[in-house]
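Enquirer: What follows is a structure written as structure tokens; I'll ask about it next.
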Amino acid sequence: MNENILEINDLAVSFSVGGERLHALRGVSLSLRHGETLALVGESGSGKSVTSRAVLGILPKNARVDGGSIKFCGKEIIGATEKELCALRGRQMAMIFQDPTSALDPELTGEVLRVIRGLKSEDSTMIVVTHEMEFARNVADTVIYMADGVIEEMGTPEELLEKKGKYYKLIKIQSLNSRSDEITLD
């Protein structure tokens, strides 16, 4: 079966912060076929979670969809009532929130991988949101790399690792270094 379960076209989302509109997503377009696992990968603030929250209709109160379309099984999600969204949530679509520091625990990461692989074997359709390209490589059919609210790259995990492998490692090292710079000892 090759039908699209999810189609996002030209999605734009902004947040009201201190009386100003800050653009979180600009022109995000993607599709997800039945049985496919898609990984949204990027650093904090890249737009991964905003994209997935928009799909579920659970954006924070200060967020606004400025344009675009989100269709789930052919039905437009943007503008759907809370009652219509509740009928989909938990039955046809769901999100599992995970503490980002759990990636530091190999046992927990292994358990998450096992569950996702089990769901894949049941022909489930999934979006996995992660900072870790290596994790995405282990679970996804397609990977989208996001930065600053836009899709930068899209392809198979192997294609993205080949193009951006060194870049991902560099970001990880820079992130670790910036965290250590913030630590002050008395």
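Scheme for the structure tokens: letters A, B, ... for chains in order shown; per-chain residue numbers from 1; ligand numbers from 1 in order shown.
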Using only C-alpha atoms, find each residue of range 71-139 of chain A with at least one atom at most 12 Å away from an atom of range 9-30 of chain A; report its shortest atom-to-atom pair and that distance in Å (one decimal), sort the rows by chain and rising residue number, and return the result as a tab-separated table.
Expert:
```
residue	atom	partner	partner_atom	distance
A:Lys71	CA	A:Asn9	CA	8.6
A:Phe72	CA	A:Asn9	CA	11.7
A:Glu76	CA	A:Asn9	CA	11.1
A:Ile77	CA	A:Leu11	CA	11.8
A:Ile78	CA	A:Leu11	CA	10.0
A:Ile127	CA	A:Leu30	CA	11.3
```
Enquirer: Compile the contact shell of range 35-51 of chain A as a VMD selection string: residues with an atom at most 8 Å away, counting only C-alpha atoms, same-chain residues fewer than 3 positions apart removed.
Expert: chain A and resid 13 24 to 25 32 54 to 55 59 120 123 to 133 136 139 to 150
Enquirer: Kindly export the residues of the current selection with N, CA, C and O atoms, as a tab-separated table (two decimals), in the first residue's frame.
Expert:
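Output file result-v1.tsv is given in full below:
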```tsv
chain	number	residue	atom	x	y	z
A	13	VAL	N	4.14	28.32	11.20
A	13	VAL	CA	3.66	28.50	12.57
A	13	VAL	C	4.51	29.58	13.23
A	13	VAL	O	5.73	29.62	13.06
A	24	ALA	N	8.34	30.06	13.92
A	24	ALA	CA	8.92	28.78	14.32
A	24	ALA	C	9.04	27.82	13.15
A	24	ALA	O	9.98	27.04	13.08
A	25	LEU	N	8.07	27.84	12.24
A	25	LEU	CA	8.09	27.01	11.03
A	25	LEU	C	7.79	27.88	9.83
A	25	LEU	O	6.92	28.75	9.88
A	32	LEU	N	3.82	11.26	4.54
A	32	LEU	CA	4.12	10.03	5.24
A	32	LEU	C	3.19	8.95	4.72
A	32	LEU	O	1.96	9.10	4.78
A	54	ALA	N	1.71	20.44	15.84
A	54	ALA	CA	0.73	20.99	14.90
A	54	ALA	C	-0.12	19.88	14.30
A	54	ALA	O	-1.34	20.03	14.13
A	55	VAL	N	0.51	18.75	14.00
A	55	VAL	CA	-0.23	17.60	13.45
A	55	VAL	C	-1.30	17.14	14.43
A	55	VAL	O	-2.43	16.83	14.03
A	59	LEU	N	-0.75	22.66	19.77
A	59	LEU	CA	0.19	23.78	19.89
A	59	LEU	C	-0.16	24.59	21.14
A	59	LEU	O	-1.32	24.66	21.53
A	120	LYS	N	6.99	-1.20	13.99
A	120	LYS	CA	7.27	-1.27	12.55
A	120	LYS	C	6.87	-2.63	11.98
A	120	LYS	O	6.33	-2.70	10.89
A	123	ASP	N	3.43	-2.92	10.90
A	123	ASP	CA	3.06	-2.02	9.80
A	123	ASP	C	2.49	-0.69	10.28
A	123	ASP	O	1.65	-0.09	9.63
A	124	SER	N	2.94	-0.25	11.46
A	124	SER	CA	2.51	1.05	11.99
A	124	SER	C	3.18	2.17	11.22
A	124	SER	O	4.28	2.02	10.70
A	125	THR	N	2.52	3.31	11.18
A	125	THR	CA	3.05	4.52	10.56
A	125	THR	C	3.47	5.44	11.68
A	125	THR	O	2.67	5.70	12.58
A	126	MET	N	4.72	5.94	11.64
A	126	MET	CA	5.22	6.72	12.78
A	126	MET	C	6.07	7.91	12.35
A	126	MET	O	6.74	7.85	11.32
A	127	ILE	N	6.04	8.93	13.19
A	127	ILE	CA	7.01	10.02	13.13
A	127	ILE	C	7.80	9.96	14.42
A	127	ILE	O	7.22	9.96	15.51
A	128	VAL	N	9.12	9.89	14.30
A	128	VAL	CA	10.01	9.86	15.45
A	128	VAL	C	10.72	11.20	15.49
A	128	VAL	O	11.29	11.64	14.50
A	129	VAL	N	10.67	11.86	16.63
A	129	VAL	CA	11.32	13.15	16.81
A	129	VAL	C	12.55	12.94	17.68
A	129	VAL	O	12.44	12.42	18.79
A	130	THR	N	13.73	13.32	17.16
A	130	THR	CA	14.96	13.06	17.90
A	130	THR	C	16.05	14.07	17.56
A	130	THR	O	16.03	14.67	16.49
A	131	HIS	N	16.98	14.23	18.46
A	131	HIS	CA	18.18	15.01	18.20
A	131	HIS	C	19.26	14.13	17.57
A	131	HIS	O	20.21	14.63	16.99
A	132	GLU	N	19.14	12.83	17.74
A	132	GLU	CA	20.20	11.89	17.42
A	132	GLU	C	20.05	11.25	16.04
A	132	GLU	O	19.15	10.44	15.82
A	133	MET	N	20.94	11.57	15.13
A	133	MET	CA	20.92	10.98	13.80
A	133	MET	C	21.14	9.47	13.86
A	133	MET	O	20.54	8.72	13.08
A	136	ALA	N	17.89	7.85	14.64
A	136	ALA	CA	17.04	7.90	13.45
A	136	ALA	C	17.46	6.84	12.44
A	136	ALA	O	16.62	6.20	11.81
A	139	VAL	N	15.88	3.44	13.11
A	139	VAL	CA	14.42	3.23	13.10
A	139	VAL	C	13.71	3.75	11.86
A	139	VAL	O	12.61	3.29	11.56
A	140	ALA	N	14.29	4.70	11.14
A	140	ALA	CA	13.53	5.42	10.12
A	140	ALA	C	13.75	4.89	8.71
A	140	ALA	O	14.83	4.42	8.37
A	141	ASP	N	12.70	5.02	7.91
A	141	ASP	CA	12.81	4.79	6.47
A	141	ASP	C	13.26	6.07	5.78
A	141	ASP	O	14.03	6.05	4.84
A	142	THR	N	12.74	7.20	6.28
A	142	THR	CA	13.06	8.52	5.74
A	142	THR	C	13.44	9.43	6.90
A	142	THR	O	12.83	9.36	7.97
A	143	VAL	N	14.44	10.28	6.68
A	143	VAL	CA	14.88	11.25	7.69
A	143	VAL	C	14.76	12.65	7.12
A	143	VAL	O	15.15	12.90	5.98
A	144	ILE	N	14.20	13.54	7.93
A	144	ILE	CA	14.15	14.96	7.58
A	144	ILE	C	15.00	15.69	8.61
A	144	ILE	O	14.78	15.54	9.81
A	145	TYR	N	15.97	16.46	8.12
A	145	TYR	CA	16.80	17.27	9.01
A	145	TYR	C	16.25	18.68	8.99
A	145	TYR	O	16.13	19.31	7.93
A	146	MET	N	15.88	19.20	10.16
A	146	MET	CA	15.32	20.54	10.28
A	146	MET	C	16.29	21.47	11.00
A	146	MET	O	17.03	21.04	11.90
A	147	ALA	N	16.28	22.73	10.60
A	147	ALA	CA	17.06	23.77	11.25
A	147	ALA	C	16.32	25.09	11.08
A	147	ALA	O	15.82	25.39	9.98
A	148	ASP	N	16.21	25.86	12.13
A	148	ASP	CA	15.59	27.19	12.09
A	148	ASP	C	14.20	27.18	11.46
A	148	ASP	O	13.85	28.10	10.72
A	149	GLY	N	13.42	26.13	11.73
A	149	GLY	CA	12.04	26.09	11.28
A	149	GLY	C	11.82	25.70	9.83
A	149	GLY	O	10.70	25.83	9.34
A	150	VAL	N	12.85	25.24	9.16
A	150	VAL	CA	12.70	24.81	7.76
A	150	VAL	C	13.33	23.43	7.59
A	150	VAL	O	14.19	23.02	8.37
```
Enquirer: DSSP on the backbone: what in chain A comes out alpha helix (DSSP H), as a PDB file with C-alpha atoms, in the first residue's frame?
Expert:
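Dumped everything to out-v5.pdb:
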```
ATOM      1  CA  LYS A  48      10.690  19.206  15.082  1.00  0.00           C
ATOM      2  CA  SER A  49       8.325  19.321  18.042  1.00  0.00           C
ATOM      3  CA  VAL A  50       6.318  22.256  16.678  1.00  0.00           C
ATOM      4  CA  THR A  51       5.701  20.241  13.511  1.00  0.00           C
ATOM      5  CA  SER A  52       4.512  17.168  15.422  1.00  0.00           C
ATOM      6  CA  ARG A  53       2.397  19.233  17.839  1.00  0.00           C
ATOM      7  CA  ALA A  54       0.726  20.994  14.896  1.00  0.00           C
ATOM      8  CA  VAL A  55      -0.225  17.601  13.447  1.00  0.00           C
ATOM      9  CA  LEU A  56      -1.931  16.648  16.713  1.00  0.00           C
ATOM     10  CA  GLU A  82     -11.338  20.051  19.482  1.00  0.00           C
ATOM     11  CA  LYS A  83     -14.024  17.346  19.350  1.00  0.00           C
ATOM     12  CA  GLU A  84     -12.834  16.227  15.890  1.00  0.00           C
ATOM     13  CA  LEU A  85      -9.195  16.218  17.026  1.00  0.00           C
ATOM     14  CA  CYS A  86     -10.013  14.271  20.203  1.00  0.00           C
ATOM     15  CA  ALA A  87     -11.689  11.590  18.059  1.00  0.00           C
ATOM     16  CA  LEU A  88      -8.351  11.121  16.243  1.00  0.00           C
ATOM     17  CA  PRO A 106      21.764   3.066  26.747  1.00  0.00           C
ATOM     18  CA  GLU A 107      19.335   0.658  28.414  1.00  0.00           C
ATOM     19  CA  LEU A 108      16.380   3.014  27.941  1.00  0.00           C
ATOM     20  CA  THR A 109      17.441   3.829  24.375  1.00  0.00           C
ATOM     21  CA  GLY A 110      17.599   0.095  23.632  1.00  0.00           C
ATOM     22  CA  GLU A 111      14.113  -0.392  25.030  1.00  0.00           C
ATOM     23  CA  VAL A 112      12.723   2.464  22.906  1.00  0.00           C
ATOM     24  CA  LEU A 113      14.394   0.963  19.820  1.00  0.00           C
ATOM     25  CA  ARG A 114      12.845  -2.430  20.614  1.00  0.00           C
ATOM     26  CA  VAL A 115       9.341  -0.938  20.940  1.00  0.00           C
ATOM     27  CA  ILE A 116       9.658   1.076  17.711  1.00  0.00           C
ATOM     28  CA  ARG A 117      10.937  -1.958  15.791  1.00  0.00           C
ATOM     29  CA  GLY A 118       7.998  -3.963  17.151  1.00  0.00           C
ATOM     30  CA  LEU A 119       5.557  -1.319  15.950  1.00  0.00           C
ATOM     31  CA  LYS A 120       7.268  -1.265  12.546  1.00  0.00           C
ATOM     32  CA  SER A 121       6.805  -5.024  12.248  1.00  0.00           C
ATOM     33  CA  MET A 133      20.918  10.979  13.797  1.00  0.00           C
ATOM     34  CA  GLU A 134      22.234   7.577  14.879  1.00  0.00           C
ATOM     35  CA  PHE A 135      18.919   6.790  16.587  1.00  0.00           C
ATOM     36  CA  ALA A 136      17.044   7.902  13.448  1.00  0.00           C
ATOM     37  CA  ARG A 137      19.260   5.654  11.331  1.00  0.00           C
ATOM     38  CA  ASN A 138      18.194   2.666  13.405  1.00  0.00           C
ATOM     39  CA  VAL A 139      14.424   3.228  13.101  1.00  0.00           C
ATOM     40  CA  PRO A 157      19.182   7.672   6.798  1.00  0.00           C
ATOM     41  CA  GLU A 158      22.184   6.500   4.765  1.00  0.00           C
ATOM     42  CA  GLU A 159      21.925   9.453   2.360  1.00  0.00           C
ATOM     43  CA  LEU A 160      21.796  11.982   5.169  1.00  0.00           C
ATOM     44  CA  LEU A 161      24.619  10.366   7.106  1.00  0.00           C
ATOM     45  CA  GLU A 162      26.749  10.383   3.960  1.00  0.00           C
ATOM     46  CA  LYS A 163      26.007  14.075   3.295  1.00  0.00           C
ATOM     47  CA  LYS A 164      25.961  15.343   6.845  1.00  0.00           C
ATOM     48  CA  GLY A 165      27.696  12.743   9.029  1.00  0.00           C
ATOM     49  CA  LYS A 166      30.613  14.981   9.967  1.00  0.00           C
ATOM     50  CA  TYR A 167      28.244  17.902  10.529  1.00  0.00           C
ATOM     51  CA  TYR A 168      26.178  15.954  13.090  1.00  0.00           C
ATOM     52  CA  LYS A 169      29.290  14.943  14.991  1.00  0.00           C
ATOM     53  CA  LEU A 170      30.503  18.549  14.977  1.00  0.00           C
ATOM     54  CA  ILE A 171      27.196  19.795  16.395  1.00  0.00           C
ATOM     55  CA  LYS A 172      27.335  17.199  19.169  1.00  0.00           C
ATOM     56  CA  ILE A 173      30.857  18.234  20.139  1.00  0.00           C
ATOM     57  CA  GLN A 174      29.929  21.938  20.052  1.00  0.00           C
ATOM     58  CA  SER A 175      26.836  21.277  22.190  1.00  0.00           C
ATOM     59  CA  LEU A 176      28.871  19.423  24.778  1.00  0.00           C
ATOM     60  CA  ASN A 177      31.505  22.153  24.806  1.00  0.00           C
ATOM     61  CA  SER A 178      28.943  24.947  25.209  1.00  0.00           C
ATOM     62  CA  ARG A 179      27.335  23.151  28.139  1.00  0.00           C
ATOM     63  CA  SER A 180      30.676  22.769  29.883  1.00  0.00           C
ATOM     64  CA  ASP A 181      31.373  26.496  29.414  1.00  0.00           C
TER      65      ASP A 181
END
```
Enquirer: What parts of range 76-152 of chain A does DSSP call strand (DSSP E or B)? I'd like the answer as a ChimeraX atom specification.
Expert: /A:76,89,93,126-130,142-147,150-152
